[in-house]
file start.txt (compact mmCIF, C-alpha atoms and all ligand atoms)
# COMPACT_ATOMS: atom_id res chain seq x y z
CA MET X 79 -45.18 -18.57 36.01
CA ALA X 80 -42.53 -16.14 37.31
CA ALA X 81 -43.47 -14.49 40.61
CA THR X 82 -44.28 -10.78 40.32
CA ILE X 83 -42.11 -8.34 42.18
CA ASP X 84 -43.38 -7.14 45.56
CA TYR X 85 -42.51 -3.48 45.13
CA ASP X 86 -44.00 -2.51 48.48
CA ALA X 87 -41.39 -4.67 50.19
CA LEU X 88 -38.63 -2.94 48.23
CA LEU X 89 -39.74 0.69 48.46
CA ALA X 90 -37.96 2.86 51.03
CA PRO X 91 -40.01 2.86 54.24
CA ASP X 92 -40.09 6.66 54.60
CA LEU X 93 -41.67 7.36 51.19
CA PRO X 94 -44.70 9.64 51.15
CA PRO X 95 -48.03 7.87 50.55
CA PRO X 96 -48.98 7.40 46.88
CA ALA X 97 -50.52 10.44 45.20
CA PRO X 98 -54.26 10.12 44.59
CA ARG X 99 -55.31 9.47 40.99
CA TRP X 100 -55.54 12.79 39.10
CA LYS X 101 -59.17 13.63 38.38
CA GLY X 102 -58.55 16.99 36.69
CA PHE X 103 -59.04 20.47 38.10
CA ALA X 104 -62.09 21.19 40.20
CA PRO X 105 -64.77 23.26 38.39
CA TYR X 106 -64.10 26.04 40.93
CA ASN X 107 -60.35 26.00 41.33
CA PHE X 108 -59.07 28.22 44.15
CA ILE X 109 -55.98 26.19 45.00
CA GLY X 110 -52.32 26.30 44.11
CA GLY X 111 -50.49 29.14 42.44
CA ASN X 112 -52.17 28.93 39.04
CA VAL X 113 -52.50 32.02 36.87
CA ASP X 114 -54.98 33.42 34.35
CA ALA X 115 -55.39 31.13 31.32
CA ALA X 116 -56.96 33.72 29.01
CA SER X 117 -53.98 36.06 29.32
CA MET X 118 -51.38 33.44 28.41
CA PRO X 119 -49.48 35.17 25.53
CA VAL X 120 -49.60 32.10 23.32
CA GLU X 121 -48.96 33.74 19.93
CA ASP X 122 -46.06 35.80 21.23
CA MET X 123 -44.62 32.70 22.88
CA ILE X 124 -44.81 30.81 19.60
CA ALA X 125 -43.05 33.66 17.80
CA ALA X 126 -40.37 33.91 20.51
CA THR X 127 -39.77 30.16 20.45
CA ALA X 128 -39.53 30.06 16.64
CA SER X 129 -37.13 32.97 16.52
CA ALA X 130 -34.86 31.57 19.26
CA LEU X 131 -34.85 28.12 17.68
CA ARG X 132 -34.06 29.41 14.20
CA ARG X 133 -31.16 31.39 15.58
CA GLU X 134 -29.75 28.97 18.14
CA GLY X 135 -31.60 25.70 17.82
CA THR X 136 -28.44 23.75 17.11
CA THR X 137 -27.20 24.48 20.63
CA LEU X 138 -29.83 22.00 21.88
CA ALA X 139 -27.32 19.33 20.83
CA THR X 140 -25.49 19.77 24.15
CA TYR X 141 -26.52 19.44 27.78
CA GLY X 142 -26.60 22.83 29.46
CA LEU X 143 -26.60 24.71 26.14
CA GLU X 144 -23.45 26.68 25.42
CA SER X 145 -24.04 29.00 28.38
CA GLY X 146 -22.99 26.33 30.87
CA PRO X 147 -24.64 24.91 33.96
CA LEU X 148 -25.95 28.22 35.34
CA GLY X 149 -28.52 28.34 32.55
CA TYR X 150 -29.11 30.17 29.28
CA ARG X 151 -27.05 33.35 29.49
CA PRO X 152 -29.57 35.73 27.82
CA LEU X 153 -32.15 34.64 30.41
CA ARG X 154 -29.70 35.21 33.26
CA GLU X 155 -29.01 38.65 31.79
CA PHE X 156 -32.73 39.37 31.71
CA VAL X 157 -33.13 38.23 35.33
CA ALA X 158 -30.25 40.47 36.40
CA ALA X 159 -31.77 43.46 34.54
CA LYS X 160 -35.24 42.77 35.95
CA LEU X 161 -33.90 42.49 39.51
CA ARG X 162 -32.03 45.78 39.14
CA LYS X 163 -35.08 47.56 37.80
CA ARG X 164 -37.82 46.07 39.96
CA SER X 165 -36.15 44.86 43.17
CA GLY X 166 -33.27 47.32 43.49
CA LEU X 167 -30.87 44.37 43.41
CA THR X 168 -27.67 44.66 41.39
CA VAL X 169 -26.22 41.28 40.47
CA SER X 170 -24.02 39.85 37.78
CA PRO X 171 -25.62 37.22 35.52
CA ASP X 172 -22.83 34.97 36.80
CA ASN X 173 -24.46 35.02 40.25
CA VAL X 174 -27.82 33.88 38.84
CA LEU X 175 -28.60 30.18 38.61
CA ILE X 176 -31.64 29.24 36.52
CA THR X 177 -33.64 26.53 38.27
CA SER X 178 -36.51 24.23 37.34
CA GLY X 179 -39.08 26.40 39.11
CA SER X 180 -38.19 28.23 42.31
CA ASN X 181 -39.14 24.98 44.03
CA GLN X 182 -35.86 23.56 42.78
CA GLY X 183 -34.18 26.60 44.33
CA LEU X 184 -35.80 25.65 47.64
CA ASP X 185 -34.63 22.06 47.18
CA LEU X 186 -31.05 23.12 46.44
CA VAL X 187 -30.85 25.41 49.47
CA ASN X 188 -32.35 22.70 51.65
CA GLU X 189 -29.96 20.10 50.31
CA MET X 190 -26.99 22.35 50.98
CA PHE X 191 -27.90 23.26 54.53
CA LEU X 192 -30.30 20.80 56.07
CA ARG X 193 -30.04 17.41 57.68
CA PRO X 194 -32.57 15.70 59.97
CA GLY X 195 -32.97 17.52 63.27
CA ASP X 196 -32.05 20.96 61.89
CA THR X 197 -34.15 24.04 62.60
CA VAL X 198 -35.37 26.69 60.13
CA LEU X 199 -37.16 29.88 61.12
CA VAL X 200 -40.20 30.63 58.98
CA GLU X 201 -43.16 33.00 59.01
CA GLN X 202 -45.86 31.38 61.14
CA PHE X 203 -48.06 31.20 58.05
CA SER X 204 -45.91 30.33 55.06
CA TYR X 205 -45.78 28.58 51.70
CA GLY X 206 -47.11 25.04 52.17
CA GLY X 207 -44.59 23.65 49.68
CA ALA X 208 -41.70 25.09 51.69
CA LEU X 209 -43.06 23.73 54.97
CA ALA X 210 -43.68 20.28 53.48
CA ARG X 211 -40.14 20.21 52.07
CA LEU X 212 -38.61 21.03 55.46
CA ARG X 213 -40.65 18.35 57.20
CA LYS X 214 -39.83 15.76 54.57
CA LEU X 215 -36.15 16.32 55.29
CA GLY X 216 -36.68 15.90 59.02
CA ALA X 217 -36.01 19.60 59.67
CA THR X 218 -38.23 21.59 62.04
CA PRO X 219 -39.88 24.77 60.78
CA VAL X 220 -40.22 27.13 63.75
CA GLY X 221 -42.91 29.75 63.10
CA VAL X 222 -42.54 33.45 63.91
CA PRO X 223 -45.86 35.36 64.06
CA LEU X 224 -46.71 37.93 61.40
CA ASP X 225 -48.57 41.20 61.35
CA GLY X 226 -49.51 43.57 58.53
CA GLY X 227 -45.80 44.13 57.82
CA GLY X 228 -44.86 40.45 57.60
CA MET X 229 -42.65 38.54 60.04
CA ARG X 230 -42.42 40.39 63.38
CA MET X 231 -38.83 41.26 64.15
CA ASP X 232 -39.37 41.63 67.92
CA LEU X 233 -40.64 38.05 68.03
CA LEU X 234 -37.92 36.81 65.66
CA GLY X 235 -35.35 38.33 68.04
CA GLU X 236 -36.99 36.57 71.00
CA LYS X 237 -37.08 33.27 69.14
CA LEU X 238 -33.42 33.53 68.09
CA ALA X 239 -32.42 34.35 71.68
CA ALA X 240 -34.49 31.46 73.10
CA LEU X 241 -33.05 29.00 70.58
CA ALA X 242 -29.51 30.23 71.35
CA THR X 243 -29.99 29.51 75.06
CA GLU X 244 -31.05 25.98 74.08
CA GLY X 245 -27.89 25.68 71.98
CA VAL X 246 -29.88 25.62 68.74
CA LYS X 247 -28.61 27.60 65.77
CA PRO X 248 -31.19 27.71 62.97
CA LYS X 249 -29.75 27.04 59.52
CA PHE X 250 -31.58 29.95 57.89
CA ILE X 251 -34.58 32.28 58.13
CA TYR X 252 -36.99 31.67 55.23
CA VAL X 253 -39.13 34.72 54.41
CA ILE X 254 -41.48 35.82 51.65
CA PRO X 255 -41.25 39.57 52.28
CA THR X 256 -42.84 41.05 49.14
CA ILE X 257 -46.40 39.73 48.86
CA GLN X 258 -46.23 37.13 51.55
CA ASN X 259 -47.76 33.72 50.86
CA PRO X 260 -50.42 33.33 52.14
CA GLY X 261 -51.00 36.72 53.85
CA GLY X 262 -50.13 39.09 50.98
CA SER X 263 -48.24 41.61 53.16
CA ILE X 264 -45.19 43.63 52.14
CA MET X 265 -42.44 43.94 54.73
CA PRO X 266 -41.45 47.60 55.19
CA GLU X 267 -37.87 48.64 54.51
CA ALA X 268 -37.05 49.37 58.16
CA ARG X 269 -38.12 45.86 59.11
CA ARG X 270 -35.97 44.39 56.35
CA ALA X 271 -33.02 46.27 57.86
CA GLU X 272 -33.87 44.83 61.30
CA LEU X 273 -33.95 41.36 59.80
CA LEU X 274 -30.45 41.87 58.40
CA GLU X 275 -29.27 43.08 61.84
CA LEU X 276 -30.65 39.97 63.52
CA SER X 277 -29.14 37.80 60.81
CA ALA X 278 -25.75 39.42 61.51
CA ARG X 279 -26.10 39.20 65.29
CA TYR X 280 -26.93 35.50 65.30
CA GLY X 281 -24.96 34.45 62.21
CA VAL X 282 -28.06 33.00 60.56
CA PRO X 283 -28.54 33.62 56.81
CA VAL X 284 -31.78 34.86 55.28
CA PHE X 285 -33.45 32.96 52.43
CA GLU X 286 -35.65 35.49 50.63
CA ASP X 287 -38.36 34.13 48.31
CA GLU X 288 -39.67 36.83 45.95
CA CYS X 289 -41.91 34.64 43.87
CA TYR X 290 -44.80 37.18 43.76
CA ALA X 291 -42.87 40.44 43.94
CA ASP X 292 -43.52 41.45 40.32
CA LEU X 293 -47.30 41.22 40.73
CA LEU X 294 -47.92 44.45 42.63
CA TRP X 295 -50.86 46.81 42.28
CA THR X 296 -48.46 49.77 42.53
CA SER X 297 -44.86 50.26 41.45
CA GLU X 298 -43.88 51.26 44.99
CA ARG X 299 -42.04 48.61 46.95
CA PRO X 300 -39.09 48.40 49.29
CA PRO X 301 -35.86 46.98 47.89
CA ALA X 302 -35.30 43.26 48.10
CA ILE X 303 -33.60 42.26 51.34
CA ALA X 304 -30.76 40.93 49.19
CA ALA X 305 -30.38 44.46 47.78
CA MET X 306 -29.88 45.91 51.27
CA ASP X 307 -27.37 43.24 52.26
CA GLU X 308 -23.70 44.13 52.12
CA SER X 309 -22.29 40.95 53.63
CA ASN X 310 -23.61 38.02 51.60
CA ARG X 311 -26.18 37.17 54.25
CA VAL X 312 -29.07 36.68 51.85
CA ILE X 313 -29.92 34.01 49.31
CA HIS X 314 -32.63 35.26 46.97
CA CYS X 315 -34.99 33.30 44.72
CA GLY X 316 -37.72 34.13 42.25
CA SER X 317 -39.76 32.59 39.49
CA PHE X 318 -41.42 33.04 36.11
CA SER X 319 -44.31 30.88 37.32
CA LYS X 320 -46.54 33.70 38.49
CA THR X 321 -45.61 36.39 35.96
CA ILE X 322 -45.67 34.18 32.86
CA ALA X 323 -46.63 30.52 33.39
CA PRO X 324 -46.11 27.93 36.13
CA ALA X 325 -46.01 25.01 33.70
CA LEU X 326 -42.80 26.33 32.14
CA ARG X 327 -41.00 25.40 35.37
CA VAL X 328 -38.44 28.17 35.28
CA GLY X 329 -37.18 30.01 38.35
CA TYR X 330 -33.87 31.44 39.50
CA ILE X 331 -31.69 31.77 42.52
CA VAL X 332 -29.19 34.50 43.33
CA ALA X 333 -26.33 34.07 45.75
CA GLU X 334 -22.62 34.71 46.10
CA PRO X 335 -20.47 32.75 43.61
CA ALA X 336 -19.15 30.22 46.16
CA LEU X 337 -22.70 29.23 47.13
CA ILE X 338 -23.86 29.16 43.51
CA ALA X 339 -20.99 26.75 42.77
CA ARG X 340 -22.24 24.52 45.60
CA MET X 341 -25.77 24.62 44.22
CA VAL X 342 -24.58 23.76 40.73
CA ALA X 343 -22.89 20.71 42.21
CA CYS X 344 -26.21 19.70 43.82
CA LYS X 345 -28.28 20.38 40.66
CA THR X 346 -28.08 16.98 39.05
CA ASP X 347 -30.93 17.29 36.54
CA GLY X 348 -28.75 17.82 33.47
CA GLY X 349 -29.98 21.42 33.14
CA THR X 350 -33.32 23.21 33.29
CA GLY X 351 -35.37 22.81 30.09
CA ALA X 352 -33.56 24.77 27.40
CA LEU X 353 -36.52 25.55 25.14
CA GLU X 354 -38.37 27.24 28.01
CA GLN X 355 -35.31 29.29 28.88
CA MET X 356 -34.75 30.37 25.27
CA MET X 357 -38.39 31.25 24.78
CA LEU X 358 -38.53 33.24 28.03
CA ALA X 359 -35.36 35.18 27.25
CA GLU X 360 -36.66 36.05 23.80
CA TYR X 361 -40.16 36.94 25.00
CA CYS X 362 -39.29 38.77 28.19
CA ARG X 363 -36.68 41.04 26.64
CA THR X 364 -39.41 43.05 24.91
CA ARG X 365 -42.71 41.93 26.43
CA PHE X 366 -42.26 41.25 30.14
CA ASP X 367 -43.19 44.70 31.45
CA ALA X 368 -46.28 45.05 29.26
CA HIS X 369 -47.43 41.52 30.07
CA VAL X 370 -46.96 41.93 33.80
CA GLY X 371 -48.79 45.28 33.70
CA HIS X 372 -51.70 43.64 31.89
CA VAL X 373 -51.81 40.62 34.22
CA THR X 374 -51.67 42.63 37.42
CA GLY X 375 -54.60 44.76 36.22
CA LEU X 376 -56.61 41.58 35.66
CA LEU X 377 -55.57 40.12 38.99
CA LYS X 378 -56.72 43.23 40.82
CA GLN X 379 -60.13 42.92 39.13
CA LYS X 380 -60.32 39.29 40.21
CA LEU X 381 -59.34 40.18 43.76
CA ASP X 382 -62.08 42.82 43.85
CA ALA X 383 -64.57 40.23 42.58
CA MET X 384 -63.48 37.83 45.30
CA THR X 385 -63.61 40.32 48.17
CA GLY X 386 -66.99 41.54 46.88
CA ALA X 387 -68.36 37.99 46.74
CA LEU X 388 -67.05 37.22 50.22
CA GLU X 389 -68.68 40.33 51.63
CA GLU X 390 -71.91 39.46 49.89
CA HIS X 391 -72.08 35.80 50.88
CA PHE X 392 -70.06 35.53 54.11
CA GLY X 393 -70.65 39.02 55.49
CA THR X 394 -68.56 39.70 58.58
CA ALA X 395 -67.86 35.97 59.04
CA ALA X 396 -64.97 36.21 56.57
CA GLU X 397 -62.15 38.47 57.75
CA PHE X 398 -59.28 39.36 55.47
CA VAL X 399 -56.84 42.11 54.52
CA PRO X 400 -56.84 42.55 50.74
CA PRO X 401 -53.27 41.91 49.55
CA GLU X 402 -51.22 44.55 47.75
CA GLY X 403 -50.53 42.18 44.87
CA GLY X 404 -50.22 38.51 44.02
CA ILE X 405 -52.86 35.86 43.56
CA PHE X 406 -54.06 34.84 47.04
CA LEU X 407 -56.53 35.94 49.67
CA TRP X 408 -55.93 34.65 53.20
CA ILE X 409 -59.21 34.44 55.05
CA SER X 410 -59.99 33.99 58.71
CA LEU X 411 -63.34 32.34 59.51
CA PRO X 412 -64.98 32.00 62.95
CA ASP X 413 -63.54 29.39 65.37
CA ALA X 414 -66.46 27.03 64.72
CA VAL X 415 -65.15 26.42 61.19
CA ASP X 416 -62.69 23.56 60.81
CA ALA X 417 -60.84 24.49 57.62
CA MET X 418 -59.67 20.91 56.94
CA LYS X 419 -63.27 19.68 57.08
CA LEU X 420 -64.48 22.64 55.01
CA SER X 421 -61.93 21.91 52.31
CA ALA X 422 -62.96 18.23 52.18
CA ALA X 423 -66.67 19.13 52.01
CA SER X 424 -66.17 21.80 49.36
CA ALA X 425 -63.89 19.53 47.28
CA ALA X 426 -66.73 17.00 47.20
CA SER X 427 -68.85 19.72 45.57
CA GLY X 428 -66.21 20.71 43.01
CA ILE X 429 -64.74 23.68 44.90
CA ALA X 430 -61.04 23.35 45.64
CA ILE X 431 -59.64 25.52 48.46
CA ASN X 432 -56.43 25.38 50.47
CA PRO X 433 -57.03 24.76 54.19
CA GLY X 434 -54.98 27.07 56.44
CA PRO X 435 -53.29 24.36 58.55
CA GLU X 436 -51.32 23.28 55.47
CA TRP X 437 -49.95 26.82 55.25
CA SER X 438 -48.92 27.08 58.86
CA ALA X 439 -45.85 26.11 60.90
CA ASP X 440 -48.27 24.90 63.63
CA ALA X 441 -51.69 23.74 62.52
CA GLU X 442 -53.71 25.22 65.39
CA PRO X 443 -53.41 28.99 64.69
CA ALA X 444 -54.66 28.35 61.13
CA ARG X 445 -57.44 25.96 62.12
CA SER X 446 -60.18 28.27 60.83
CA ARG X 447 -58.29 29.90 58.00
CA ILE X 448 -58.42 29.22 54.29
CA ARG X 449 -56.42 30.44 51.31
CA LEU X 450 -58.20 31.21 48.06
CA CYS X 451 -56.26 31.73 44.82
CA PHE X 452 -57.98 34.19 42.48
CA GLY X 453 -55.37 33.84 39.70
CA ASN X 454 -56.88 31.05 37.65
CA PRO X 455 -60.72 31.18 37.89
CA THR X 456 -62.69 33.68 35.82
CA VAL X 457 -64.51 36.53 37.53
CA GLY X 458 -67.77 34.63 36.98
CA ASP X 459 -66.39 31.47 38.57
CA ILE X 460 -65.02 33.47 41.48
CA ARG X 461 -68.48 34.93 42.20
CA GLU X 462 -70.25 31.61 41.74
CA GLY X 463 -67.63 29.56 43.61
CA VAL X 464 -67.57 31.84 46.66
CA LYS X 465 -71.38 31.74 46.78
CA LYS X 466 -71.32 27.95 46.72
CA LEU X 467 -68.55 27.87 49.32
CA ALA X 468 -70.68 30.00 51.64
CA GLU X 469 -73.58 27.56 51.19
CA ILE X 470 -71.37 24.60 52.06
CA CYS X 471 -69.84 26.39 55.05
CA HIS X 472 -73.34 27.25 56.27
CA ARG X 473 -74.50 23.66 55.84
CA GLU X 474 -71.45 22.20 57.66
CA PHE X 475 -70.86 24.77 60.41
CA GLY X 476 -73.84 27.14 60.48
CA ILE X 477 -71.53 29.90 59.23
CA PRO X 478 -72.37 32.34 57.74
CA LEU X 479 -75.51 32.42 59.87
CA ARG X 480 -77.77 32.13 56.86
CA SER X 481 -77.02 30.91 53.36
CA GLY X 482 -77.62 33.12 50.33
CA ASN X 483 -76.95 36.83 50.27
CA ILE X 484 -76.14 38.48 53.58
CA GLU X 485 -78.66 41.13 54.47
CA ARG X 486 -77.16 44.53 54.88
CA ALA X 487 -78.17 46.98 57.57
C1 LIG K 501 -43.67 31.35 48.03
C2 LIG K 501 -43.48 30.37 46.92
N1 LIG K 501 -42.25 29.97 46.61
C3 LIG K 501 -42.03 29.09 45.62
C4 LIG K 501 -43.08 28.56 44.90
C5 LIG K 501 -42.76 27.57 43.83
O1 LIG K 501 -43.01 28.08 42.58
P1 LIG K 501 -42.33 27.54 41.24
O2 LIG K 501 -41.55 26.30 41.57
O3 LIG K 501 -43.43 27.29 40.31
O4 LIG K 501 -41.42 28.65 40.81
C6 LIG K 501 -44.38 28.94 45.19
C7 LIG K 501 -45.52 28.36 44.44
O5 LIG K 501 -46.66 28.58 44.65
C8 LIG K 501 -44.59 29.87 46.23
O6 LIG K 501 -45.81 30.27 46.56
call {"tool": "encode", "arguments": {"input": "start.txt", "output": "structure tokens"}}
result
Amino acid sequence: MAATIDYDALLAPDLPPPAPRWKGFAPYNFIGGNVDAASMPVEDMIAATASALRREGTTLATYGLESGPLGYRPLREFVAAKLRKRSGLTVSPDNVLITSGSNQGLDLVNEMFLRPGDTVLVEQFSYGGALARLRKLGATPVGVPLDGGGMRMDLLGEKLAALATEGVKPKFIYVIPTIQNPGGSIMPEARRAELLELSARYGVPVFEDECYADLLWTSERPPAIAAMDESNRVIHCGSFSKTIAPALRVGYIVAEPALIARMVACKTDGGTGALEQMMLAEYCRTRFDAHVGHVTGLLKQKLDAMTGALEEHFGTAAEFVPPEGGIFLWISLPDAVDAMKLSAASAASGIAINPGPEWSADAEPARSRIRLCFGNPTVGDIREGVKKLAEICHREFGIPLRSGNIERA
């Protein structure tokens, strides 16, 4: 009998460990960036897909459609129009690259700039997927503390100066300024201007991730940092994952043409899925604003349900600042709570939460923090899940002091 192949001996030694077997979503799903299932505009998506296919379906015969490697031109035109209207950013569709989720945008930027040993400045608490990507490449994410206005510019200045004296020039500053993940803050305009000044002074570009910027409770927001930039210092990315659907895997990246050309050379996937792009362009042209308005209203209701349930079941043990949009609540629990242990214990009871250390440049400051996504669960599941989470937290750590409803004075 022929010997079987010993794949373990052949696999690259630095591969991540195998993913655990998928057991489906937890009954109370507060993880990831999932959105509301009931508001998925299925019928309109079917109609948009059918109409785009009838009109242009034959273009699927070629890689990259007829619009070329940047992506389906009507979608790039929509992105440019949306950015002008909502983010104050004027760009040509020729400076927009459609990506397979904004995660591919992160990968392309990383591939262009980073090699092992490089340094990237990040918000101290930041998107776990971005941090994991940097670490996987052997780059070091250096955290800059945040406050209610996002990354602190005084501390960024200090960090840049300290790194310069060590001869270290960070490759870029990665920020999520408009509905920060996980904290939910919005960086004020003056601070965005300071960030651009620091970027100019130290010659370090800014990578602005605006993945959640369209999900705001109000229409007031400062312009995108890229919109305030006059010297090509900012690379900007965004996504349709949170406004429409994450499973479509469609995002975009905006940068000056020379950089876009570099990214296109790195994007070796044969093009982002064409059907998704065609459907989105068709749908968003007439429906995006109404859909986003509807979804943000629902999200605000879910956030209110979550903050209400936390107050009811955790009392003062759970500290948080309600975000001004988005899908996450970032919660600080007393020091006695080990968030990694809490997430393991709650997962065993069907409640999935994100432990803070996975959303932090250094694990320690987020030791007792958790991130709860209110986008996907129903209001009923939010209430029930938070109640159960409080029971588990009480059982494991004695916090909140008593399980069940917190008595009010
Ligand atoms: C800040 C941020 N950037 C990027 C992404 C990636 O999103 P996608 O690849 O679905 O566009 C996420 C997902 O949660 C995120 O939170």
call {"tool": "closest_residue", "arguments": {"input": "start.txt", "among": "X:Gly102, X:Gly149, X:Gly261, X:Gly316", "to": "Leu161 (chain X)", "atoms": "only C-alpha atoms"}}
result
X:Gly316
call {"tool": "atom_distance", "arguments": {"input": "start.txt", "atom1": "atom C2 of ligand LIG 501 (chain K)", "atom2": "CA of Ala104 (chain X)"}}
result
21.8 Å
call {"tool": "closest_atom_pairs", "arguments": {"input": "start.txt", "of": "chain X", "to": "ligand LIG 501 (chain K)", "cutoff": "8 Å", "atoms": "all atoms listed in the file", "output": "CSV"}}
result
residue,atom,partner,partner_atom,distance
X:Gly110,CA,K:LIG501,O5,6.1
X:Gly111,CA,K:LIG501,O5,4.5
X:Asn112,CA,K:LIG501,O5,7.9
X:Ser178,CA,K:LIG501,O2,6.9
X:Gly179,CA,K:LIG501,O2,3.5
X:Ser180,CA,K:LIG501,O4,3.6
X:Asn181,CA,K:LIG501,O2,3.7
X:Gln182,CA,K:LIG501,O2,6.4
X:Gly183,CA,K:LIG501,O2,7.9
X:Leu184,CA,K:LIG501,C3,7.4
X:Ser204,CA,K:LIG501,C1,7.4
X:Tyr205,CA,K:LIG501,C1,5.1
X:Gly206,CA,K:LIG501,O6,7.8
X:Gly207,CA,K:LIG501,C6,6.9
X:Ala208,CA,K:LIG501,N1,7.1
X:Ile254,CA,K:LIG501,C1,6.2
X:Gln258,CA,K:LIG501,C1,7.2
X:Asn259,CA,K:LIG501,C1,5.5
X:Pro260,CA,K:LIG501,O6,7.9
X:Asp287,CA,K:LIG501,N1,5.9
X:Glu288,CA,K:LIG501,C1,7.1
X:Cys289,CA,K:LIG501,N1,5.4
X:Tyr290,CA,K:LIG501,C1,7.3
X:Gly316,CA,K:LIG501,O4,6.8
X:Ser317,CA,K:LIG501,O4,4.5
X:Phe318,CA,K:LIG501,O4,6.4
X:Ser319,CA,K:LIG501,O3,4.8
X:Lys320,CA,K:LIG501,O3,7.4
X:Pro324,CA,K:LIG501,O3,5.0
X:Ala325,CA,K:LIG501,O3,7.5
X:Arg327,CA,K:LIG501,O3,5.8
X:Val328,CA,K:LIG501,O4,6.3
X:Gly329,CA,K:LIG501,O4,5.1
call {"tool": "closest_residue", "arguments": {"input": "start.txt", "among": "X:Ser165, X:Asn107, X:Thr82, X:Thr256", "to": "Ser421 (chain X)", "atoms": "only C-alpha atoms"}}
result
X:Asn107
call {"tool": "closest_atom_pairs", "arguments": {"input": "start.txt", "of": "region 348-412 of chain X", "to": "region 440-464 of chain X", "cutoff": "7 Å", "atoms": "all atoms listed in the file", "output": "JSON lines"}}
result
{"residue": "X:Leu377", "atom": "CA", "partner": "X:Gly453", "partner_atom": "CA", "distance": 6.3}
{"residue": "X:Lys380", "atom": "CA", "partner": "X:Val457", "partner_atom": "CA", "distance": 5.7}
{"residue": "X:Leu381", "atom": "CA", "partner": "X:Phe452", "partner_atom": "CA", "distance": 6.3}
{"residue": "X:Ala383", "atom": "CA", "partner": "X:Val457", "partner_atom": "CA", "distance": 6.3}
{"residue": "X:Met384", "atom": "CA", "partner": "X:Ile460", "partner_atom": "CA", "distance": 6.0}
{"residue": "X:Ala387", "atom": "CA", "partner": "X:Arg461", "partner_atom": "CA", "distance": 5.5}
{"residue": "X:Leu388", "atom": "CA", "partner": "X:Val464", "partner_atom": "CA", "distance": 6.5}
{"residue": "X:Ile405", "atom": "CA", "partner": "X:Gly453", "partner_atom": "CA", "distance": 5.0}
{"residue": "X:Phe406", "atom": "CA", "partner": "X:Cys451", "partner_atom": "CA", "distance": 4.4}
{"residue": "X:Leu407", "atom": "CA", "partner": "X:Leu450", "partner_atom": "CA", "distance": 5.3}
{"residue": "X:Trp408", "atom": "CA", "partner": "X:Arg449", "partner_atom": "CA", "distance": 4.6}
{"residue": "X:Ile409", "atom": "CA", "partner": "X:Ile448", "partner_atom": "CA", "distance": 5.3}
{"residue": "X:Ser410", "atom": "CA", "partner": "X:Arg447", "partner_atom": "CA", "distance": 4.5}
{"residue": "X:Leu411", "atom": "CA", "partner": "X:Ser446", "partner_atom": "CA", "distance": 5.3}
{"residue": "X:Pro412", "atom": "CA", "partner": "X:Ser446", "partner_atom": "CA", "distance": 6.4}
call {"tool": "write_last_selection", "arguments": {"input": "start.txt", "atoms": "C-alpha atoms", "output": "short mmCIF file (atom, residue, chain, number, x, y, z; two decimals), in the frame of the given file"}}
result
data_model
loop_
_atom_site.label_atom_id
_atom_site.label_comp_id
_atom_site.auth_asym_id
_atom_site.auth_seq_id
_atom_site.Cartn_x
_atom_site.Cartn_y
_atom_site.Cartn_z
CA LEU X 377 -55.57 40.12 38.99
CA LYS X 380 -60.32 39.29 40.21
CA LEU X 381 -59.34 40.18 43.76
CA ALA X 383 -64.57 40.23 42.58
CA MET X 384 -63.48 37.83 45.30
CA ALA X 387 -68.36 37.99 46.74
CA LEU X 388 -67.05 37.22 50.22
CA ILE X 405 -52.86 35.86 43.56
CA PHE X 406 -54.06 34.84 47.04
CA LEU X 407 -56.53 35.94 49.67
CA TRP X 408 -55.93 34.65 53.20
CA ILE X 409 -59.21 34.44 55.05
CA SER X 410 -59.99 33.99 58.71
CA LEU X 411 -63.34 32.34 59.51
CA PRO X 412 -64.98 32.00 62.95
#
call {"tool": "residues_around", "arguments": {"input": "start.txt", "residues": "Gly403 (chain X)", "least_positions_apart": "3", "cutoff": "6 Å", "atoms": "all atoms listed in the file", "output": "list in words"}}
result
Leu293, Leu294 and Trp295 of chain X
call {"tool": "residues_around", "arguments": {"input": "start.txt", "residues": "region 123-134 of chain X", "least_positions_apart": "4", "cutoff": "10 Å", "atoms": "all atoms listed in the file", "output": "PyMOL selection string"}}
result
chain X and resi 118-119+138+143-144+353-362
call {"tool": "residues_around", "arguments": {"input": "start.txt", "residues": "Ser117 (chain X)", "least_positions_apart": "2", "cutoff": "12 Å", "atoms": "only C-alpha atoms", "output": "PyMOL selection string"}}
result
chain X and resi 113-115+119-123+321-323+368-377+453-456
call {"tool": "residues_around", "arguments": {"input": "start.txt", "residues": "region 298-312 of chain X", "least_positions_apart": "6", "cutoff": "6 Å", "atoms": "only C-alpha atoms", "output": "list of chain:residue names"}}
result
X:Ser165, X:Gly166, X:Leu167, X:Glu267, X:Arg270, X:Pro283, X:Val284, X:Phe285
call {"tool": "write_last_selection", "arguments": {"input": "start.txt", "atoms": "C-alpha atoms", "output": "compact mmCIF listing (two decimals), in the frame of the given file"}}
result
# COMPACT_ATOMS: atom_id res chain seq x y z
CA SER X 165 -36.15 44.86 43.17
CA GLY X 166 -33.27 47.32 43.49
CA LEU X 167 -30.87 44.37 43.41
CA GLU X 267 -37.87 48.64 54.51
CA ARG X 270 -35.97 44.39 56.35
CA PRO X 283 -28.54 33.62 56.81
CA VAL X 284 -31.78 34.86 55.28
CA PHE X 285 -33.45 32.96 52.43
call {"tool": "closest_residue", "arguments": {"input": "start.txt", "among": "X:Leu234, X:Ala352, X:Ala90, X:Ala339", "to": "Thr136 (chain X)", "atoms": "all atoms listed in the file"}}
result
X:Ala352
call {"tool": "decode", "arguments": {"input": "start.txt", "residues": "region 401-405 of chain X", "atoms": "C-alpha atoms", "output": "tab-separated table (two decimals), in the first residue's frame"}}
result
chain	number	residue	atom	x	y	z
X	401	PRO	CA	-21.24	54.93	20.91
X	402	GLU	CA	-22.51	57.54	18.45
X	403	GLY	CA	-23.13	54.88	15.82
X	404	GLY	CA	-21.96	51.47	14.67
X	405	ILE	CA	-22.61	48.05	16.09
